[in-house]
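Contents: one structure, followed by commentary.
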Amino acid sequence: MSEFILYATPFSLYSGKARSYLIKQHIEFEERSVGDPAYATEIAPVIGRRIIPVMQTPDATIVQDGTDIIDWFESRDLARQPAYPRTPRQHIVSLILEMFGGEGLLRPAMHYRWNFDEANLAFLQDQFGRSIFASVAADKRGAVTKKAMDRMRMAGAAFGAVPDAFAAIESAYEELLIALNEHFMAVPYLLGGAPTIGDYGMIAPLFAHLGRDPHPAALMKRIAPAVFRWTERMNARGDDFGEFIGQTADLLGDDALPATLMPVLKLIARDYLPEVRAFVAFTNTWLTEQEGLKAGDIVGGAPQNRFIGMCSFDWSGLTINAAVVPYRLYLLQRIQDAFMALGANDQALVRSTLEGAGLVEFLDLKTTRRVERRNHAEVWA
């Protein structure tokens with residue numbers, strides 16, 4: 001084996017994070033579908049569940065999860081452009097953007113994929129059928145494809161994409177798109193002239209679901225063309241920002257944040273913090289009720305069970321019921337661990353910046369037990 005293999009699919013939200021990173025780092029890789037026989041025989045038995053993305057290295061090491069794949073390269077100094085900024089404010093903000101992209105945008109991602117069948121259904125049937133069931137004859141894929149898609153529709157409801165919330169989801173998402181469009185009119189990436197972990201987190205939903213499925217892609221092109229250009233840029237091998245004349249492939253100097261990013265951060269505070277508060281509170285209550293929970297126990301009891309329950313929270317004048325996914329605690333801890341590693345002066349600077357954006361609770365909301373990643377799964381510390 002002479003190159004990296006990424007098991008992924010074009011329509012997979014989390015695949016987009018790993019794929020974009022590999023492309024931007026100029027890492028040679030072959031992308032294979034989960035329908036590839038090797039996934040069933042060589043990958044799934046090792047990781048204990050059918051999940052993507054998964055990377056297989058040239059020495060046959062298996063790495064599952066987009067963040068873990070990125071960190072595998074970063075820890076070996078194999079990145080052409082490191083994903084993690086070296087300065088305190090940019091580092092912490094990029095981690096918040098990573099978490100929001102992969103987790104905070106799941107509700108609009110699921111809504112716009114599964115609730116616009118007139119525009120999306122034929123496309124999704126083709127994509128699911130050919131990627132997941134490539135070995136099944138085309139004229140026999142219908143039933144198995146529908147079953148797989150129906151499972152994902154149910155997951156959409158579990159994330160709060162239910163009819164009573166549709167109008168609010170669309171309003172909040174369009175507001176975010178407009179703010180992001182203003183931002184990407186000013187700079188090519190979230191923190192300036194180079195992508196960071198924040199860009200890799202945000203590309204996950206904004207490409208696979210929202211920038212590729214027919215209905216949301218048309219919406220993005222219509223009201224946020226600069227965001228659509230960013231999705232193209234994030235999947236291009238080079239910098240791909242010819243419209244930014246004179247821009248160099250660097251982050252903003254002096255640990256600066258683009259002025260156009262602040263409205264985006266404030267929307268994240270408004271639209272995602274209520275959910276973060278709710279799942280931290282739910283998890284702490286849930287933990288008090290778990291007798292005999294040991295360090296190393298798999299979250300959810302089995303690798304394929306990623307939820308521990310449902311929480312409720314007020315959002316946009318509605319009560320939203322959403323699944324509690326402890327993987328999000330793992331991402332939240334990354335923010336807090338990076339903050340705690342800073343010196344006192346840098347901590348004060350970061351805290352002041354996040355207070356101005358309404359995001360300071362990302363530093364303070366904690367559960368009584370940590371979540372760790374071991375053997376391709378989340379476990380309790």
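Chain identifiers are assigned as A, B, and so on, following the order in which chains appear in the structure tokens; residues are numbered from 1 within each chain, and ligands are numbered from 1 in order of appearance.
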Each region 287-372 of chain A residue no farther than 12 Å from region 194-204 of chain A, nearest pair in Å, only C-alpha atoms, as JSON lines:
```
{"residue": "A:Leu331", "atom": "CA", "partner": "A:Gly201", "partner_atom": "CA", "distance": 10.8}
{"residue": "A:Arg334", "atom": "CA", "partner": "A:Ile197", "partner_atom": "CA", "distance": 11.7}
{"residue": "A:Ile335", "atom": "CA", "partner": "A:Gly198", "partner_atom": "CA", "distance": 11.6}
```
Just write the chosen residues, all heavy atoms, as an mmCIF file, in the first residue's frame.
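So the final result, stored in selection15.cif, reads:
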```cif
data_model
loop_
_atom_site.group_PDB
_atom_site.id
_atom_site.type_symbol
_atom_site.label_atom_id
_atom_site.label_comp_id
_atom_site.auth_asym_id
_atom_site.auth_seq_id
_atom_site.Cartn_x
_atom_site.Cartn_y
_atom_site.Cartn_z
ATOM 1 N N LEU A 331 -15.469 17.550 22.044
ATOM 2 C CA LEU A 331 -15.071 18.764 21.328
ATOM 3 C C LEU A 331 -15.069 19.974 22.255
ATOM 4 O O LEU A 331 -14.196 20.850 22.147
ATOM 5 C CB LEU A 331 -16.010 19.002 20.147
ATOM 6 C CG LEU A 331 -15.991 17.943 19.038
ATOM 7 C CD1 LEU A 331 -16.987 18.317 17.941
ATOM 8 C CD2 LEU A 331 -14.595 17.788 18.448
ATOM 9 N N ARG A 334 -11.918 20.042 24.242
ATOM 10 C CA ARG A 334 -10.755 20.496 23.474
ATOM 11 C C ARG A 334 -10.605 22.008 23.565
ATOM 12 O O ARG A 334 -9.497 22.533 23.663
ATOM 13 C CB ARG A 334 -10.909 20.074 21.998
ATOM 14 C CG ARG A 334 -10.567 18.635 21.746
ATOM 15 C CD ARG A 334 -11.115 18.118 20.425
ATOM 16 N NE ARG A 334 -10.809 18.956 19.266
ATOM 17 C CZ ARG A 334 -9.679 18.905 18.561
ATOM 18 N NH1 ARG A 334 -8.715 18.054 18.930
ATOM 19 N NH2 ARG A 334 -9.505 19.663 17.501
ATOM 20 N N ILE A 335 -11.739 22.707 23.520
ATOM 21 C CA ILE A 335 -11.709 24.168 23.672
ATOM 22 C C ILE A 335 -11.167 24.533 25.048
ATOM 23 O O ILE A 335 -10.264 25.374 25.194
ATOM 24 C CB ILE A 335 -13.114 24.752 23.475
ATOM 25 C CG1 ILE A 335 -13.645 24.451 22.071
ATOM 26 C CG2 ILE A 335 -13.113 26.264 23.731
ATOM 27 C CD1 ILE A 335 -15.141 24.699 21.913
#
```
Requested in this report: Extract the full set of alpha helix (DSSP H) residues from region 22-160 of chain A according to DSSP on the backbone, and format it as a PyMOL selection string.
Outcome: chain A and resi 22-24+37-38+44-47+66-74+88-99+106-114+117-132+142-158
Report task. Would you please work out which residue, of A:Ile5, A:Leu332, A:Leu95, A:Ala79, is nearest to Val63 (chain A) when using only C-alpha atoms? Result -> A:Ile5
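One finds CA of Met262 (chain A) at 29.1 Å from CA of Gly156 (chain A).
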Taking only residues of region 116-201 of chain A that have an atom at most 8 Å from an atom of region 16-36 of chain A, what is each one's shortest atom pair and its distance in Å to one decimal, using only C-alpha atoms, in chain and number order, as a Markdown table?
```
| residue | atom | partner | partner_atom | distance |
| --- | --- | --- | --- | --- |
| A:Ser131 | CA | A:Ser33 | CA | 5.7 |
| A:Ile132 | CA | A:Gly35 | CA | 4.5 |
| A:Phe133 | CA | A:Gly35 | CA | 5.5 |
| A:Ala134 | CA | A:Gly35 | CA | 5.7 |
| A:Ser135 | CA | A:Gly35 | CA | 7.0 |
| A:Tyr200 | CA | A:Lys17 | CA | 4.9 |
| A:Gly201 | CA | A:Lys17 | CA | 5.9 |
```
Report task. Can you work out the spacing between CA of His376 (chain A) and CA of Ala157 (chain A) in Å, to one decimal? Result ->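 Between CA of His376 (chain A) and CA of Ala157 (chain A) the gap is 26.1 Å.
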Query - Non-local contacts of Tyr112 (chain A) (7 Å; only C-alpha atoms; under 4 positions in same chain excluded) as JSON, numbers by chain - result: {"A": [108, 116, 210, 216]}
**Report entry** Selected residue, from A:Asp213, A:Glu355, A:Arg151, A:His183, that lies nearest to Glu118 (chain A) when counting only C-alpha atoms
**Finding:** A:Asp213
Query raised in the report: If we count only C-alpha atoms, what is near Ala323 (chain A) at a cut-off of 6 Å, once residues fewer than 3 positions away on the same chain are taken out, given as a ChimeraX atom specification?
Result: /A:158-159,309-310
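Put simply, CA of Thr248 (chain A) is 25.3 Å away from CA of Arg76 (chain A).
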Report task. Write out as a ChimeraX atom specification each polymer residue whose atoms come within 10 Å of region 286-299 of chain A, counting only C-alpha atoms; drop sequence neighbours fewer than 5 positions from it. Result -> /A:280-281,304-309,325-327,367-374,377-381
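Among the candidates A:Ala302, A:Ala186, A:Leu6, A:Ala109, the residue lying nearest to Gly211 (chain A) is A:Ala109 (atoms considered: only C-alpha atoms).
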Query raised in the report: Of the residues A:Val276, A:Ala269, A:Ala217, A:Ala338, which is the one nearest to Ser312 (chain A), using only C-alpha atoms?
Result: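 Counting only C-alpha atoms, the residue closest to Ser312 (chain A) is A:Val276.
Closest approach to Leu273 (chain A) among A:Trp72, A:Gly301, A:Ala357, A:Leu252: A:Ala357, based on only C-alpha atoms.
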Query raised in the report: Do you know which residues are at most 7 Å from Thr231 (chain A) counting only C-alpha atoms, after dropping those on the same chain fewer than 4 positions away, and could you put them as a VMD selection string?
Result: chain A and resid 203 207 227 235
Please identify all polymer residues within 10 Å of region 166-168 of chain A, counting only C-alpha atoms, omitting same-chain residues fewer than 2 positions from it, and present them as an mmCIF file with C-alpha atoms, in the first residue's frame.
```cif
data_model
loop_
_atom_site.group_PDB
_atom_site.id
_atom_site.type_symbol
_atom_site.label_atom_id
_atom_site.label_comp_id
_atom_site.auth_asym_id
_atom_site.auth_seq_id
_atom_site.Cartn_x
_atom_site.Cartn_y
_atom_site.Cartn_z
ATOM 1 C CA ARG A 107 -30.219 20.802 12.626
ATOM 2 C CA PRO A 108 -30.251 22.868 9.391
ATOM 3 C CA HIS A 111 -33.643 19.762 7.699
ATOM 4 C CA TYR A 112 -32.472 20.926 4.289
ATOM 5 C CA ASN A 115 -37.523 17.908 4.156
ATOM 6 C CA GLY A 160 -34.818 18.718 16.422
ATOM 7 C CA ALA A 161 -35.632 19.107 12.722
ATOM 8 C CA VAL A 162 -39.386 18.693 13.206
ATOM 9 C CA PRO A 163 -42.239 20.557 11.450
ATOM 10 C CA ASP A 164 -42.896 23.045 14.253
ATOM 11 C CA GLU A 170 -34.643 28.322 8.004
ATOM 12 C CA SER A 171 -34.675 31.876 9.376
ATOM 13 C CA ALA A 172 -31.641 31.283 11.611
ATOM 14 C CA TYR A 173 -29.714 29.497 8.874
ATOM 15 C CA GLU A 174 -30.344 32.196 6.292
ATOM 16 C CA TRP A 315 -34.664 28.327 21.184
ATOM 17 C CA SER A 316 -36.164 30.996 18.963
ATOM 18 C CA GLY A 317 -39.415 30.967 20.927
ATOM 19 C CA LEU A 318 -39.740 27.190 20.678
#
```
